[in-house]
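J.: Before I ask anything, let me first share the structure, which is written out below as structure tokens.
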Amino acid sequence: MITSVKEILENAQKGGYAVGAFNTTNLETTRAIIDAANEMKSPVIVQITEKTMEYAGGRAIFNLVKNSAEFYAPEIPIGIHLDHGKSVEIIERCAEIGFPSVMYDGSRKIFVDNVSVTKEVVEFCHKRGMAVQGELGSVPYLGETGMGDIDWDEYMTDPEEAERFVSETGIDALAVAIGNAHGFFKERKEPDYKRLEEIRKRVSIPLILHGASDWENGRVVEVIKRGVCCFNVDTSIRLAFVNSLVKAVRAQNDISFDIRKLLGDARKAVKNSVKEKIRFFGSEGKA
Ligand code: G3H
Ligand code: 13P
Ligand code: ZN
């Protein structure tokens, strides 16, 4: 059942658990996420990036997610969301397709520019009933600084700025940087829990954590306690997919080259990985 992302996040926030926002790239990953959510009776968000829209076709992948959610999990709240939209043009394209929720990622801009473009996106989206996630501070990417050490202070969300950012832009959810990083990065020794507490005190909208798909359960629990109600997950499920595919291709000993068998195994591996995350996040049974 397609449900508003805002409602899914607000329910998680009220209920003291987190939901997973899982990135899809294709049919196998889409079905794996939706089937896992259905089996675990868990709300989920399925996310699509601009690169995936280029790869699969924006309308094609959007409708694949929508139709699969409606047909294969009619009783489970499933949100559809654009992940890391970096331009106004991509937001407009998503509005045209029918995305109910988008992220505008102006995190690499200076504060005033991030505020002004995010605000413009919010005005555009809210008129159309779409929700908007913004990002302040910046969640780094694997490879960005080589494998060397990183100056985390350059990336962190400033709590005072977060309060101004939310009130000046009118966003519905905020992605925060507290030592988290995209990909399997050498992360900060410890997330900055104090900073998260300070942000939570100043900001009442749902807080999103990107790049934590490699976090062990202890950290996940600690940030949920401090107000995170959504984790973005991409790398860990990509890895499950690719590891399974490589294994299946190597083990193949017939000559039928049945793509459905090879990708079917990968789909199962992704489904298991999504189920594990759902268990960690505490959203099992919350549908
Ligand atoms: O956080 C963003 C994604 O992990 C990057 O995904 O390769 O589809 O842009 P992409
Ligand atoms: P990972 O790639 O670390 O799983 O992060 C995903 C993410 O933040 C997508 O927006
Ligand atoms: Zn991200």
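Each chain in the structure tokens gets a letter, A, B, ..., in the order shown, and its residues are numbered from 1; ligands are numbered from 1 in order too.
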Write out as a PDB file with C-alpha atoms, in the first residue's frame the residues lying within 8 Å of Asp214 (chain A), counting only C-alpha atoms and excluding same-chain residues fewer than 2 positions away.
T.:
ATOM      1  CA  GLY A 183      29.797   3.343   1.656  1.00  0.00           C
ATOM      2  CA  PHE A 184      31.977   1.110   3.788  1.00  0.00           C
ATOM      3  CA  GLY A 211      25.469   5.916   5.252  1.00  0.00           C
ATOM      4  CA  ALA A 212      24.986   3.742   8.298  1.00  0.00           C
ATOM      5  CA  GLU A 216      26.551  -2.756  14.059  1.00  0.00           C
ATOM      6  CA  THR A 235      25.849  -0.374   0.117  1.00  0.00           C
ATOM      7  CA  SER A 236      25.017  -3.360   2.323  1.00  0.00           C
TER       8      SER A 236
END
J.: Kindly assemble as a tab-separated table a list of the chain A residues that lie within 10 Å of ligand 2, each paired with its nearest atom pair and their distance in Å to one decimal, using only C-alpha atoms and all ligand atoms, sorted first by chain and then by ascending residue number.
T.:
residue	atom	partner	partner_atom_place_in_ligand_line	distance
A:Ala21	CA	ligand 2	9 (C)	7.9
A:Phe22	CA	ligand 2	9 (C)	7.6
A:Asn23	CA	ligand 2	9 (C)	6.6
A:Gln47	CA	ligand 2	10 (O)	8.1
A:Ile48	CA	ligand 2	10 (O)	9.1
A:Thr49	CA	ligand 2	10 (O)	8.2
A:Leu82	CA	ligand 2	10 (O)	9.3
A:Asp83	CA	ligand 2	10 (O)	5.7
A:His84	CA	ligand 2	10 (O)	6.4
A:Met103	CA	ligand 2	10 (O)	9.2
A:Val139	CA	ligand 2	8 (O)	8.0
A:Pro140	CA	ligand 2	8 (O)	9.6
A:Tyr141	CA	ligand 2	3 (O)	8.1
A:Leu142	CA	ligand 2	3 (O)	8.5
A:Ala175	CA	ligand 2	8 (O)	9.2
A:Asn180	CA	ligand 2	3 (O)	8.3
A:Ala181	CA	ligand 2	3 (O)	6.2
A:His182	CA	ligand 2	3 (O)	3.7
A:Gly183	CA	ligand 2	3 (O)	3.8
A:Phe184	CA	ligand 2	3 (O)	6.1
A:Phe185	CA	ligand 2	3 (O)	7.9
A:Ile208	CA	ligand 2	8 (O)	9.2
A:Leu209	CA	ligand 2	8 (O)	7.1
A:His210	CA	ligand 2	8 (O)	3.5
A:Gly211	CA	ligand 2	3 (O)	3.2
A:Ala212	CA	ligand 2	3 (O)	5.2
A:Ser213	CA	ligand 2	4 (O)	4.3
A:Asp214	CA	ligand 2	3 (O)	6.5
A:Trp215	CA	ligand 2	3 (O)	9.0
A:Phe231	CA	ligand 2	8 (O)	7.6
A:Asn232	CA	ligand 2	7 (C)	4.5
A:Val233	CA	ligand 2	4 (O)	3.9
A:Asp234	CA	ligand 2	4 (O)	3.6
A:Thr235	CA	ligand 2	2 (O)	3.9
A:Ser236	CA	ligand 2	4 (O)	5.6
A:Ile237	CA	ligand 2	4 (O)	7.6
A:Arg238	CA	ligand 2	4 (O)	8.4
A:Leu239	CA	ligand 2	4 (O)	9.7
J.: Export, as an mmCIF file, in the first residue's frame, the selected residues with C-alpha atoms.
T.:
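The resulting result_24.cif:
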data_model
loop_
_atom_site.group_PDB
_atom_site.id
_atom_site.type_symbol
_atom_site.label_atom_id
_atom_site.label_comp_id
_atom_site.auth_asym_id
_atom_site.auth_seq_id
_atom_site.Cartn_x
_atom_site.Cartn_y
_atom_site.Cartn_z
ATOM 1 C CA ALA A 21 14.871 3.601 3.421
ATOM 2 C CA PHE A 22 16.331 1.081 0.993
ATOM 3 C CA ASN A 23 17.782 2.043 -2.396
ATOM 4 C CA GLN A 47 14.323 5.020 -2.682
ATOM 5 C CA ILE A 48 15.444 5.783 -6.192
ATOM 6 C CA THR A 49 18.451 7.927 -7.108
ATOM 7 C CA LEU A 82 13.891 10.316 -4.510
ATOM 8 C CA ASP A 83 17.269 9.969 -2.778
ATOM 9 C CA HIS A 84 19.897 12.759 -3.083
ATOM 10 C CA MET A 103 15.314 14.650 -0.981
ATOM 11 C CA VAL A 139 27.660 12.905 4.899
ATOM 12 C CA PRO A 140 30.960 12.044 3.169
ATOM 13 C CA TYR A 141 31.365 9.333 0.514
ATOM 14 C CA LEU A 142 33.804 6.452 0.402
ATOM 15 C CA ALA A 175 19.454 14.246 7.151
ATOM 16 C CA ASN A 180 28.273 8.686 9.511
ATOM 17 C CA ALA A 181 29.610 8.166 5.968
ATOM 18 C CA HIS A 182 28.348 6.678 2.717
ATOM 19 C CA GLY A 183 29.797 3.343 1.656
ATOM 20 C CA PHE A 184 31.977 1.110 3.788
ATOM 21 C CA PHE A 185 34.120 4.014 4.887
ATOM 22 C CA ILE A 208 17.440 10.642 8.974
ATOM 23 C CA LEU A 209 20.788 8.867 9.063
ATOM 24 C CA HIS A 210 22.516 8.202 5.747
ATOM 25 C CA GLY A 211 25.469 5.916 5.252
ATOM 26 C CA ALA A 212 24.986 3.742 8.298
ATOM 27 C CA SER A 213 24.296 0.464 6.523
ATOM 28 C CA ASP A 214 27.575 -0.900 7.885
ATOM 29 C CA TRP A 215 26.785 -0.016 11.492
ATOM 30 C CA PHE A 231 18.247 4.779 8.139
ATOM 31 C CA ASN A 232 19.196 4.958 4.475
ATOM 32 C CA VAL A 233 20.578 1.649 3.248
ATOM 33 C CA ASP A 234 22.327 1.073 -0.054
ATOM 34 C CA THR A 235 25.849 -0.374 0.117
ATOM 35 C CA SER A 236 25.017 -3.360 2.323
ATOM 36 C CA ILE A 237 22.282 -4.590 0.010
ATOM 37 C CA ARG A 238 24.379 -3.954 -3.121
ATOM 38 C CA LEU A 239 27.049 -6.080 -1.529
#
J.: Running DSSP on the backbone, which parts of region 7-204 of chain A land in helix (DSSP H, G or I), as an MDAnalysis selection string?
T.: chainID A and resid 7:15 27:40 50:56 58:72 88:97 111:127 152:154 159:169 193:202
J.: Within 9 Å of Leu27 (chain A), counting only C-alpha atoms, which residues qualify if same-chain residues fewer than 6 places away don't, as a PyMOL selection string?
T.: chain A and resi 61+64-65+267
J.: Just list as a list in words whatever in region 153-192 of chain A DSSP marks as strand (DSSP E).
T.: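 So the strand (DSSP E) residues in region 153-192 of chain A would be Ala173, Leu174, Ala175 and Val176 of chain A.
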J.: Write out, as a CSV table (one decimal), in the first residue's frame, the residues just selected, with N, CA and C atoms.
T.:
chain,number,residue,atom,x,y,z
A,173,ALA,N,11.8,16.6,6.8
A,173,ALA,CA,12.7,15.6,7.5
A,173,ALA,C,14.1,16.1,7.2
A,174,LEU,N,15.0,15.8,8.2
A,174,LEU,CA,16.4,16.4,8.1
A,174,LEU,C,17.4,15.2,8.1
A,175,ALA,N,18.3,15.2,7.1
A,175,ALA,CA,19.5,14.2,7.2
A,175,ALA,C,20.6,14.9,7.9
A,176,VAL,N,21.1,14.2,8.9
A,176,VAL,CA,22.2,14.8,9.7
A,176,VAL,C,23.5,14.1,9.6
J.: Would you tabulate, counting only C-alpha atoms, all residues of region 197-284 of chain A that have an atom at most 8 Å from an atom of region 6-14 of chain A, showing the closest pair of atoms and their distance in Å to one decimal, sorted by chain then ascending number, as a tab-separated table?
T.:
residue	atom	partner	partner_atom	distance
A:Pro206	CA	A:Leu9	CA	6.3
A:Gly227	CA	A:Gln13	CA	7.2
A:Val228	CA	A:Gln13	CA	7.7
A:Cys229	CA	A:Gln13	CA	5.4
A:Cys230	CA	A:Leu9	CA	7.0
A:Ser283	CA	A:Ala12	CA	7.8
J.: Using only C-alpha atoms, which of A:Ile91, A:Ile255, A:Ile278, A:Ala287 sits nearest Ala36 (chain A)?
T.: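 Closest to Ala36 (chain A), using only C-alpha atoms: A:Ile278.
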J.: Please measure the separation of CA of Val270 (chain A) and CA of Asn243 (chain A), giving the value in Å to one decimal.
T.: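 Taking CA of Val270 (chain A) and CA of Asn243 (chain A), their separation equals 10.1 Å.
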J.: Using only C-alpha atoms and all ligand atoms, which of A:Glu135, A:Glu89, A:Glu39, A:Glu120 sits nearest ligand 1?
T.: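 So, comparing all the options, the nearest one is A:Glu135.
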J.: Quick one: everything within 9 Å of Gly58 (chain A), counting only C-alpha atoms, minus sequence neighbours fewer than 4 positions away in the same chain. Send it as a compact mmCIF listing (two decimals) with C-alpha atoms, in the first residue's frame.
T.:
# COMPACT_ATOMS: atom_id res chain seq x y z
CA ILE A 48 15.44 5.78 -6.19
CA GLU A 50 18.96 10.06 -10.20
CA THR A 52 19.02 4.77 -11.17
CA MET A 53 16.46 6.88 -13.02
CA GLU A 54 18.98 7.28 -15.83
CA PHE A 62 8.86 4.46 -10.28
CA ASN A 63 5.99 2.40 -11.66
CA ARG A 93 11.06 15.66 -13.18
CA CYS A 94 10.07 13.64 -10.09
CA ILE A 97 6.38 11.36 -12.69
J.: Which residue is closest to ligand 1? Choose from A:Glu96, A:Asp105, A:Glu197, A:Asp35 and count only C-alpha atoms and all ligand atoms.
T.: A:Asp105
J.: If we count only C-alpha atoms and set the cut-off at 10 Å, which residues sit around Val5 (chain A), ignoring sequence neighbours fewer than 5 positions away in its own chain? Please answer as number ranges by chain.
T.: A: 10-11, 21, 43-46, 77-81, 100-102, 130-132, 172-173
J.: Closest to Asn67 (chain A) among A:Cys125, A:Ala248, A:Ile34, A:Val223, using only C-alpha atoms?
T.: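 So, comparing all the options, the nearest one is A:Ile34.
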J.: Which residue, A:Ser138, A:Ser42, A:Asn253, A:Ser4, has the smallest gap to ligand 3 when you use only C-alpha atoms and all ligand atoms?
T.: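 Ranking A:Ser138, A:Ser42, A:Asn253, A:Ser4 by distance to ligand 3, first place goes to A:Ser138.
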J.: Pick out the residues sitting within 12 Å of Glu154 (chain A), and hand them over as a VMD selection string; count only C-alpha atoms, and ignore anything fewer than 4 positions along from it in its own chain.
T.: chain A and resid 107 to 108 136 to 140 150 158 177 to 179
J.: Could you list, as a list in words, every residue within 7 Å of Leu245 (chain A), counting only C-alpha atoms and ignoring same-chain residues fewer than 5 positions away?
T.: Leu262, Leu263 and Ala266 of chain A
J.: Store the residues of this selection in a file with N, CA, C and O atoms, as a PDB file, in the first residue's frame.
T.:
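That gives us part.pdb:
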ATOM      1  N   LEU A 262      20.267 -17.067 -11.641  1.00  0.00           N
ATOM      2  CA  LEU A 262      21.393 -16.285 -11.095  1.00  0.00           C
ATOM      3  C   LEU A 262      20.890 -15.058 -10.328  1.00  0.00           C
ATOM      4  O   LEU A 262      21.312 -14.788  -9.209  1.00  0.00           O
ATOM      5  N   LEU A 263      19.964 -14.334 -10.938  1.00  0.00           N
ATOM      6  CA  LEU A 263      19.447 -13.132 -10.279  1.00  0.00           C
ATOM      7  C   LEU A 263      18.469 -13.477  -9.160  1.00  0.00           C
ATOM      8  O   LEU A 263      18.294 -12.717  -8.213  1.00  0.00           O
ATOM      9  N   ALA A 266      20.395 -13.772  -6.063  1.00  0.00           N
ATOM     10  CA  ALA A 266      20.773 -12.432  -5.582  1.00  0.00           C
ATOM     11  C   ALA A 266      19.574 -11.764  -4.906  1.00  0.00           C
ATOM     12  O   ALA A 266      19.713 -11.116  -3.864  1.00  0.00           O
TER      13      ALA A 266
END
J.: Between atom 1 (Zn, counted along the ligand's line) of ligand 3 and CA of Pro191 (chain A), measure the distance and give it in Å to one decimal.
T.: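 Between these atoms lies a distance of 16.3 Å.
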J.: Which residue, A:Asp258, A:Val242, A:Ile199, A:Lys41, has the smallest gap to Pro74 (chain A) when you use only C-alpha atoms?
T.: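 Between A:Asp258, A:Val242, A:Ile199, A:Lys41, the residue approaching Pro74 (chain A) most closely is A:Lys41.
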J.: Quick one, how far is CA of Met1 (chain A) from CA of Glu276 (chain A)?
T.: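 Computing it gives 21.9 Å between the two atoms.
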